[in-house]
Every structure is written in C-alpha cells, then in structure tokens.
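*Asks:* One file: target.pdb (PDB, C-alpha atoms).
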ATOM      1  CA  MET N   1       2.487  38.548  44.430
ATOM      2  CA  ARG N   2       5.866  38.723  42.739
ATOM      3  CA  ILE N   3       6.724  36.510  39.790
ATOM      4  CA  GLY N   4       8.982  34.371  41.990
ATOM      5  CA  GLU N   5       6.077  33.463  44.249
ATOM      6  CA  ILE N   6       3.909  32.637  41.249
ATOM      7  CA  ALA N   7       6.686  30.404  39.908
ATOM      8  CA  GLU N   8       6.955  28.638  43.260
ATOM      9  CA  ARG N   9       3.189  28.105  43.588
ATOM     10  CA  THR N  10       2.695  26.873  40.037
ATOM     11  CA  GLY N  11       5.924  24.946  39.515
ATOM     12  CA  LEU N  12       6.677  26.926  36.351
ATOM     13  CA  ASN N  13       9.972  28.651  35.756
ATOM     14  CA  ILE N  14       9.972  32.412  35.430
ATOM     15  CA  SER N  15      10.785  32.367  31.706
ATOM     16  CA  ASN N  16       7.631  30.328  31.025
ATOM     17  CA  ILE N  17       5.493  32.813  32.930
ATOM     18  CA  ARG N  18       6.981  35.708  30.995
ATOM     19  CA  PHE N  19       6.429  33.811  27.752
ATOM     20  CA  TYR N  20       2.715  33.526  28.525
ATOM     21  CA  GLU N  21       2.679  37.223  29.307
ATOM     22  CA  ARG N  22       4.275  38.058  25.952
ATOM     23  CA  LYS N  23       1.647  35.913  24.252
ATOM     24  CA  GLY N  24      -1.087  37.913  25.945
ATOM     25  CA  LEU N  25      -2.436  35.014  28.017
ATOM     26  CA  ILE N  26      -1.835  36.885  31.253
ATOM     27  CA  GLY N  27      -1.545  40.588  31.977
ATOM     28  CA  PRO N  28      -0.406  41.343  35.520
ATOM     29  CA  ASP N  29      -0.509  44.933  36.694
ATOM     30  CA  ARG N  30       2.749  46.788  37.146
ATOM     31  CA  GLU N  31       3.482  48.965  40.159
ATOM     32  CA  LYS N  32       3.836  52.608  39.166
ATOM     33  CA  ASP N  33       6.997  53.246  41.156
ATOM     34  CA  SER N  34       9.012  50.069  40.694
ATOM     35  CA  LYS N  35       7.384  48.711  37.495
ATOM     36  CA  TYR N  36       7.453  45.267  39.107
ATOM     37  CA  ARG N  37       4.740  42.857  38.017
ATOM     38  CA  ASN N  38       2.064  42.411  40.644
ATOM     39  CA  TYR N  39       0.227  39.114  40.217
ATOM     40  CA  THR N  40      -3.199  38.605  41.741
ATOM     41  CA  GLU N  41      -5.037  35.451  42.739
ATOM     42  CA  GLU N  42      -6.958  35.802  39.474
ATOM     43  CA  ASP N  43      -3.659  35.782  37.555
ATOM     44  CA  LEU N  44      -2.636  32.679  39.492
ATOM     45  CA  LYS N  45      -5.888  30.948  38.597
ATOM     46  CA  ARG N  46      -5.434  31.880  34.942
ATOM     47  CA  ILE N  47      -1.891  30.487  34.916
ATOM     48  CA  GLN N  48      -3.135  27.259  36.478
ATOM     49  CA  GLN N  49      -5.707  27.015  33.689
ATOM     50  CA  ILE N  50      -2.939  27.456  31.142
ATOM     51  CA  ILE N  51      -0.915  24.676  32.784
ATOM     52  CA  LEU N  52      -3.904  22.320  32.713
ATOM     53  CA  TYR N  53      -4.615  23.023  29.043
ATOM     54  CA  ARG N  54      -0.947  22.685  28.071
ATOM     55  CA  LYS N  55      -0.915  19.283  29.791
ATOM     56  CA  MET N  56      -3.623  18.390  27.247
ATOM     57  CA  ASP N  57      -1.178  19.522  24.530
ATOM     58  CA  ILE N  58      -3.524  22.349  23.526
ATOM     59  CA  SER N  59      -1.658  25.067  21.640
ATOM     60  CA  VAL N  60      -0.950  28.420  23.255
ATOM     61  CA  GLU N  61      -2.994  30.131  20.548
ATOM     62  CA  THR N  62      -6.052  27.971  21.232
ATOM     63  CA  ILE N  63      -5.660  28.522  24.969
ATOM     64  CA  GLY N  64      -5.776  32.248  24.286
ATOM     65  CA  GLN N  65      -9.070  31.800  22.462
ATOM     66  CA  ILE N  66     -10.502  29.785  25.347
ATOM     67  CA  LEU N  67      -9.445  32.268  28.009
ATOM     68  CA  ASP N  68     -10.755  35.229  25.981
ATOM     69  CA  GLY N  69     -14.093  33.529  25.372
ATOM     70  CA  GLU N  70     -13.578  33.280  21.622
ATOM     71  CA  MET N  71     -13.864  29.489  21.758
ATOM     72  CA  THR N  72     -15.740  27.255  24.156
ATOM     73  CA  LEU N  73     -13.770  24.719  26.149
ATOM     74  CA  GLN N  74     -16.064  21.979  24.840
ATOM     75  CA  SER N  75     -15.309  22.715  21.172
ATOM     76  CA  ALA N  76     -11.594  23.109  21.905
ATOM     77  CA  LEU N  77     -11.466  19.734  23.650
ATOM     78  CA  GLU N  78     -13.408  17.997  20.878
ATOM     79  CA  SER N  79     -10.986  19.371  18.303
ATOM     80  CA  GLN N  80      -7.983  18.495  20.472
ATOM     81  CA  ILE N  81      -9.117  14.901  20.937
ATOM     82  CA  LEU N  82      -9.364  14.438  17.172
ATOM     83  CA  GLU N  83      -5.888  15.907  16.687
ATOM     84  CA  LEU N  84      -4.380  13.769  19.453
ATOM     85  CA  GLN N  85      -6.024  10.635  18.071
ATOM     86  CA  GLU N  86      -4.453  11.348  14.686
ATOM     87  CA  LYS N  87      -1.060  11.887  16.334
ATOM     88  CA  LYS N  88      -1.553   8.654  18.270
ATOM     89  CA  GLN N  89      -2.182   6.746  15.061
ATOM     90  CA  MET N  90       0.952   8.195  13.486
ATOM     91  CA  ILE N  91       3.060   7.396  16.530
ATOM     92  CA  GLN N  92       1.694   3.851  16.704
ATOM     93  CA  GLY N  93       2.350   3.331  13.004
ATOM     94  CA  SER N  94       5.935   4.515  13.409
ATOM     95  CA  ILE N  95       6.401   2.250  16.462
ATOM     96  CA  ASP N  96       5.042  -0.736  14.531
ATOM     97  CA  LEU N  97       7.386   0.010  11.643
ATOM     98  CA  CYS N  98      10.399   0.248  13.973
ATOM     99  CA  GLN N  99       9.460  -3.036  15.623
ATOM    100  CA  LYS N 100       8.992  -4.755  12.274
ATOM    101  CA  VAL N 101      12.435  -3.697  11.075
ATOM    102  CA  MET N 102      13.980  -4.843  14.372
ATOM    103  CA  GLU N 103      12.184  -8.190  14.301
ATOM    104  CA  ASP N 104      13.267  -8.784  10.707
ATOM    105  CA  GLY N 105      16.861  -8.144  11.730
ATOM    106  CA  THR N 106      18.416  -4.767  11.026
ATOM    107  CA  SER N 107      21.531  -4.683   8.898
ATOM    108  CA  GLU N 108      23.453  -2.377   6.619
ATOM    109  CA  ASN N 109      21.758  -4.043   3.630
ATOM    110  CA  LEU N 110      18.285  -2.996   4.701
ATOM    111  CA  ASP N 111      15.723  -3.676   1.969
ATOM    112  CA  ILE N 112      14.399  -0.115   1.695
ATOM    113  CA  ASP N 113      12.050  -0.879  -1.207
ATOM    114  CA  TYR N 114      10.410  -3.677   0.751
ATOM    115  CA  TYR N 115       9.708  -1.502   3.782
ATOM    116  CA  LEU N 116       8.513   1.446   1.715
ATOM    117  CA  SER N 117       6.149  -0.949  -0.046
ATOM    118  CA  TYR N 118       4.989  -2.192   3.358
ATOM    119  CA  VAL N 119       4.328   1.378   4.466
ATOM    120  CA  SER N 120       2.412   2.097   1.268
ATOM    121  CA  ASP N 121       0.265  -1.011   1.715
ATOM    122  CA  GLU N 122      -0.476  -0.182   5.342
ATOM    123  CA  GLU N 123      -1.347   3.417   4.496
ATOM    124  CA  SER N 124      -3.795   2.180   1.877
ATOM    125  CA  LYS N 125      -5.502   0.231   4.690
ATOM    126  CA  GLY N 126      -5.827   3.370   6.802
ATOM    127  CA  SER N 127      -2.664   3.148   8.908
ATOM    128  CA  LYS N 128      -0.730   6.352   9.548
ATOM    129  CA  PHE N 129       2.988   6.984   9.839
ATOM    130  CA  GLY N 130       5.229   9.974  10.438
ATOM    131  CA  ASP N 131       4.178  12.990   8.392
ATOM    132  CA  ILE N 132       6.693  14.185   5.790
ATOM    133  CA  ASP N 133       6.095  17.788   4.779
ATOM    134  CA  GLU N 134       9.568  19.325   4.586
ATOM    135  CA  LEU N 135       8.889  20.558   1.048
ATOM    136  CA  ILE N 136       6.027  22.782   2.132
ATOM    137  CA  GLU N 137       7.946  24.035   5.150
ATOM    138  CA  ASP N 138      10.953  24.859   2.984
ATOM    139  CA  PHE N 139       8.853  26.779   0.477
ATOM    140  CA  ALA N 140       7.066  28.597   3.296
ATOM    141  CA  THR N 141      10.423  29.555   4.779
ATOM    142  CA  ILE N 142      12.042  30.890   1.611
ATOM    143  CA  THR N 143       8.899  32.885   0.744
ATOM    144  CA  GLN N 144       8.929  34.458   4.234
ATOM    145  CA  PHE N 145       5.427  33.235   5.070
ATOM    146  CA  ASP N 146       5.984  33.603   8.804
ATOM    147  CA  ARG N 147       7.122  37.216   8.392
ATOM    148  CA  LEU N 148       4.077  37.994   6.280
ATOM    149  CA  VAL N 149       1.591  36.856   8.935
ATOM    150  CA  GLY N 150       3.766  38.293  11.716
ATOM    151  CA  SER N 151       3.869  37.330  15.375
ATOM    152  CA  SER N 152       0.387  38.569  16.222
ATOM    153  CA  TYR N 153      -2.345  36.281  17.458
ATOM    154  CA  TRP N 154      -3.636  35.616  13.936
ATOM    155  CA  GLY N 155      -0.110  35.037  12.681
ATOM    156  CA  TRP N 156       0.551  32.400  15.300
ATOM    157  CA  LEU N 157      -2.798  30.812  14.550
ATOM    158  CA  LEU N 158      -1.917  30.455  10.870
ATOM    159  CA  ILE N 159       1.606  29.090  11.284
ATOM    160  CA  ASN N 160       0.758  26.831  14.177
ATOM    161  CA  ASN N 161       1.676  23.249  13.340
ATOM    162  CA  THR N 162      -1.860  22.095  12.527
ATOM    163  CA  ARG N 163      -3.578  20.755   9.459
ATOM    164  CA  PHE N 164      -5.099  24.181   8.836
ATOM    165  CA  GLY N 165      -1.692  25.811   9.049
ATOM    166  CA  LYS N 166      -0.264  23.374   6.507
ATOM    167  CA  ILE N 167      -3.135  24.073   4.121
ATOM    168  CA  VAL N 168      -2.550  27.816   4.413
ATOM    169  CA  MET N 169       1.205  27.417   3.834
ATOM    170  CA  THR N 170       0.543  25.189   0.810
ATOM    171  CA  ILE N 171      -1.769  27.795  -0.712
ATOM    172  CA  TRP N 172       0.830  30.477  -0.021
ATOM    173  CA  CYS N 173       3.595  28.488  -1.731
ATOM    174  CA  LEU N 174       1.413  27.643  -4.720
ATOM    175  CA  PHE N 175       0.497  31.316  -5.033
ATOM    176  CA  PHE N 176       4.161  32.264  -5.349
ATOM    177  CA  LEU N 177       4.599  29.668  -8.084
ATOM    178  CA  ALA N 178       1.337  30.461  -9.856
ATOM    179  CA  VAL N 179       1.829  34.224 -10.240
ATOM    180  CA  PRO N 180       4.783  34.092 -12.704
ATOM    181  CA  ILE N 181       3.311  31.109 -14.559
ATOM    182  CA  ILE N 182      -0.007  32.925 -15.056
ATOM    183  CA  GLY N 183       1.923  36.022 -16.130
ATOM    184  CA  ILE N 184       3.852  34.074 -18.759
ATOM    185  CA  ILE N 185       0.692  32.408 -20.087
ATOM    186  CA  ASP N 186      -1.083  35.754 -20.238
ATOM    187  CA  ASP N 187       1.822  37.294 -22.160
ATOM    188  CA  LEU N 188       1.895  34.423 -24.642
ATOM    189  CA  TYR N 189      -1.853  34.681 -25.185
ATOM    190  CA  ASN N 190      -2.196  38.478 -25.409
ATOM    191  CA  GLY N 191       1.113  39.359 -26.981
ATOM    192  CA  VAL N 192       4.617  38.996 -25.653
ATOM    193  CA  SER N 193       6.105  41.977 -23.853
ATOM    194  CA  PRO N 194       9.893  41.515 -23.552
ATOM    195  CA  ILE N 195      10.012  43.439 -20.277
ATOM    196  CA  ARG N 196       7.134  41.551 -18.626
ATOM    197  CA  MET N 197       8.308  38.182 -19.953
ATOM    198  CA  THR N 198      11.824  38.831 -18.630
ATOM    199  CA  PHE N 199      10.360  39.785 -15.265
ATOM    200  CA  TRP N 200       8.252  36.601 -14.976
ATOM    201  CA  ILE N 201      11.112  34.351 -16.108
ATOM    202  CA  MET N 202      13.519  35.986 -13.653
ATOM    203  CA  TRP N 203      10.898  35.527 -10.896
ATOM    204  CA  LEU N 204      10.731  31.787 -11.603
ATOM    205  CA  ILE N 205      14.499  31.386 -11.903
ATOM    206  CA  LEU N 206      15.205  33.249  -8.661
ATOM    207  CA  TYR N 207      12.444  31.390  -6.853
ATOM    208  CA  VAL N 208      13.670  27.944  -7.897
ATOM    209  CA  ALA N 209      17.318  28.908  -7.345
ATOM    210  CA  SER N 210      16.516  30.193  -3.863
ATOM    211  CA  PHE N 211      14.728  26.972  -3.028
ATOM    212  CA  ILE N 212      17.599  24.805  -4.284
ATOM    213  CA  TYR N 213      20.110  26.910  -2.340
ATOM    214  CA  TYR N 214      18.006  26.718   0.786
ATOM    215  CA  ARG N 215      17.686  22.937   0.520
ATOM    216  CA  GLN N 216      21.444  22.571   0.142
ATOM    217  CA  TYR N 217      21.984  24.915   3.095
ATOM    218  CA  ARG N 218      19.640  22.815   5.239
ATOM    219  CA  LYS N 219      21.704  19.709   4.507
ATOM    220  CA  LYS N 220      24.930  21.259   5.800
TER     221      LYS N 220
END
Spell out the structure here as structure tokens.

*Replies:*
Amino acid sequence: MRIGEIAERTGLNISNIRFYERKGLIGPDREKDSKYRNYTEEDLKRIQQIILYRKMDISVETIGQILDGEMTLQSALESQILELQEKKQMIQGSIDLCQKVMEDGTSENLDIDYYLSYVSDEESKGSKFGDIDELIEDFATITQFDRLVGSSYWGWLLINNTRFGKIVMTIWCLFFLAVPIIGIIDDLYNGVSPIRMTFWIMWLILYVASFIYYRQYRKK
C-alpha cells in the first residue's frame, strides 16, 4: 500500500504518518527501484494502535516503548491514568478559579492579592491549578539541555513534558549553577587562584546575564 491509501484508511494526514516514521514507530519497506514506501497490513495495524494510544493522550515516546515491548500496556495505562487525573485536577481548579472571578464580577480593579490568597488556601487543601514552571524551562533552554540529550529516543523521553522530565531539567539547571559556586568555595578554602577565580566569576556573570537577556527576549 502507498502512503496515500494508508492515510485514507486511517484518517491521518500524510505528514502525521511520516512523523511517526521519523520517530521510529513504523518502518515500512521501500521498493528498490522507486524508493516508494510500501506499507503492509501489519504497518496499518501498528498505525491504528498508535492512533488509539494517542487518543488516550499517551506520549509518542511511551507508545514507542509499548510497541517495542519495553513497557507493558497495563503499566503504561496505569501511569497514564494517574497523569490524566492530575491534569484533570489542574484543569478543574483553573475552571473553578475562572468561574469565581466571573461570579464576583470582573473589572479593571481586580483584587489580585485576594485571588492569589484564595489560590494559596485552596492549594493547601489539596486543590490544583495551572502549573507555572517557566523558570525551569527558561534555564533549560539557555543551557541547551535539549541539544545535550539530542533527538534520540532517550532524549525525547527526558525532555517530554512529564514530571520526570521537569525533575531532570531542574537537576540540569542546578548543576550549571552549582559548578561555579563550588569552584569559588573550593578556591576560597584551598587558596585563591586568580585565573580560576576569574573563570568561575565570569561563568556566573555570563550565565545570569544570558538568563536575563533570554527572559527579556521572551517578553518581546
């Protein structure tokens, strides 16, 4: 089967099918003469599995693990349910907050402190609201975290927008901050070396300056 027929039978557009191929989820044979992709019924079945799992909002990386037998469907679904339940709580909290502001009467003189206090009180009771983690994402961006892990399977697993990915990015950002600080402390304790001290201080200055510049750039 040609890719057009696969697209027609699955309802996917061709770019989506090629995306899954680039991610290694499918691997149709290519004809020696024409180099056209030749999809089999097995490829079709695999694509249909991908569609089903994506409808569950399972990440492409996790789907790859399922299809390759690196993760059981049962464990993937259990993990996905927990993640979706957490997202559901956040969405519901944000909906409730929107409704509260509307019911109180929105105006230009919105009492921000009151609503932030309300959010804080509700969070202390276990409610969840939209996650704010721009700081970590900014630091991860300016330190080229995504380039370090690359676009391989493991790279996509690490930078996938999950709790684990955020933990890894946080550790990465803290590492970049900790190295010059530890270097400065070590120099002060074991004897100051002008060259090393200058290097560590310049590291910190450039790091902070890059972050400030990046934040200002993001606001434009």

*Asks:* Would you pick out the contacts of segment 6-21 of chain N at 10 Å or less, using all atoms listed in the file, so that residues sharing its chain but fewer than 2 positions from it are not included, and give the list as a list in words?

*Replies:*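 Within the cut-off, the hits are Met1, Arg2, Ile3, Gly4, Lys23, Gly24, Leu25, Ile26, Gly27, Pro28, Asn38, Tyr39, Thr40, Glu41, Asp43, Leu44, Lys45, Ile47, Gln48, Ile50, Ile51, Val60 and Gly64 of chain N.
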
*Asks:* Using C-alpha atoms, can you export the residues from the last selection as a PDB file, keeping the file's coordinate frame?

*Replies:*
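Result written to selection_8.pdb:
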ATOM      1  CA  MET N   1       2.487  38.548  44.430  1.00  0.00           C
ATOM      2  CA  ARG N   2       5.866  38.723  42.739  1.00  0.00           C
ATOM      3  CA  ILE N   3       6.724  36.510  39.790  1.00  0.00           C
ATOM      4  CA  GLY N   4       8.982  34.371  41.990  1.00  0.00           C
ATOM      5  CA  LYS N  23       1.647  35.913  24.252  1.00  0.00           C
ATOM      6  CA  GLY N  24      -1.087  37.913  25.945  1.00  0.00           C
ATOM      7  CA  LEU N  25      -2.436  35.014  28.017  1.00  0.00           C
ATOM      8  CA  ILE N  26      -1.835  36.885  31.253  1.00  0.00           C
ATOM      9  CA  GLY N  27      -1.545  40.588  31.977  1.00  0.00           C
ATOM     10  CA  PRO N  28      -0.406  41.343  35.520  1.00  0.00           C
ATOM     11  CA  ASN N  38       2.064  42.411  40.644  1.00  0.00           C
ATOM     12  CA  TYR N  39       0.227  39.114  40.217  1.00  0.00           C
ATOM     13  CA  THR N  40      -3.199  38.605  41.741  1.00  0.00           C
ATOM     14  CA  GLU N  41      -5.037  35.451  42.739  1.00  0.00           C
ATOM     15  CA  ASP N  43      -3.659  35.782  37.555  1.00  0.00           C
ATOM     16  CA  LEU N  44      -2.636  32.679  39.492  1.00  0.00           C
ATOM     17  CA  LYS N  45      -5.888  30.948  38.597  1.00  0.00           C
ATOM     18  CA  ILE N  47      -1.891  30.487  34.916  1.00  0.00           C
ATOM     19  CA  GLN N  48      -3.135  27.259  36.478  1.00  0.00           C
ATOM     20  CA  ILE N  50      -2.939  27.456  31.142  1.00  0.00           C
ATOM     21  CA  ILE N  51      -0.915  24.676  32.784  1.00  0.00           C
ATOM     22  CA  VAL N  60      -0.950  28.420  23.255  1.00  0.00           C
ATOM     23  CA  GLY N  64      -5.776  32.248  24.286  1.00  0.00           C
TER      24      GLY N  64
END

*Asks:* So, counting only C-alpha atoms, which residue among N:Asn109, N:Glu103, N:Ile205, N:Asp96 is closest to Ser127 of chain N?

*Replies:*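 Closest residue, counting only C-alpha atoms: N:Asp96.
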
*Asks:* What does the distance between atom CA of Ser75 of chain N and atom CA of Arg54 of chain N come to in Å, to one decimal place?

*Replies:* 15.9 Å

*Asks:* Calculate how many Å separate atom CA of Tyr118 of chain N from atom CA of Leu97 of chain N, rounding to one decimal.

*Replies:* 8.9 Å

*Asks:* Could you tell me which residues the PyMOL selection byres ((chain N and resi 183) around 12) returns for this structure, as a ChimeraX atom specification?

*Replies:* /N:176-182,184-193,195-204

*Asks:* Dump C-alpha atoms for the selected residues as a tab-separated table (two decimals), in the frame of the given file?

*Replies:*
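Written file, part_26.tsv:
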chain	number	residue	atom	x	y	z
N	176	PHE	CA	4.16	32.26	-5.35
N	177	LEU	CA	4.60	29.67	-8.08
N	178	ALA	CA	1.34	30.46	-9.86
N	179	VAL	CA	1.83	34.22	-10.24
N	180	PRO	CA	4.78	34.09	-12.70
N	181	ILE	CA	3.31	31.11	-14.56
N	182	ILE	CA	-0.01	32.92	-15.06
N	184	ILE	CA	3.85	34.07	-18.76
N	185	ILE	CA	0.69	32.41	-20.09
N	186	ASP	CA	-1.08	35.75	-20.24
N	187	ASP	CA	1.82	37.29	-22.16
N	188	LEU	CA	1.90	34.42	-24.64
N	189	TYR	CA	-1.85	34.68	-25.18
N	190	ASN	CA	-2.20	38.48	-25.41
N	191	GLY	CA	1.11	39.36	-26.98
N	192	VAL	CA	4.62	39.00	-25.65
N	193	SER	CA	6.10	41.98	-23.85
N	195	ILE	CA	10.01	43.44	-20.28
N	196	ARG	CA	7.13	41.55	-18.63
N	197	MET	CA	8.31	38.18	-19.95
N	198	THR	CA	11.82	38.83	-18.63
N	199	PHE	CA	10.36	39.78	-15.26
N	200	TRP	CA	8.25	36.60	-14.98
N	201	ILE	CA	11.11	34.35	-16.11
N	202	MET	CA	13.52	35.99	-13.65
N	203	TRP	CA	10.90	35.53	-10.90
N	204	LEU	CA	10.73	31.79	-11.60

*Asks:* Would you compute the distance between atom CA of Glu78 of chain N and atom CA of Ile66 of chain N? Give it in Å to one decimal.

*Replies:*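 Atom CA of Ile66 of chain N lies 12.9 Å from atom CA of Glu78 of chain N.
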
*Asks:* Can you turn the PyMOL selection byres ((chain N and resi 128) around 10) into a concrete residue list for this file, as a list in words?

*Replies:*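 When the PyMOL selection byres ((chain N and resi 128) around 10) is applied, the selected residues are Glu86, Lys87, Lys88, Gln89, Met90, Ile91, Gln92, Gly93, Ser94, Val119, Ser120, Glu122, Glu123, Ser124, Lys125, Gly126, Ser127, Phe129, Gly130 and Asp131 of chain N.
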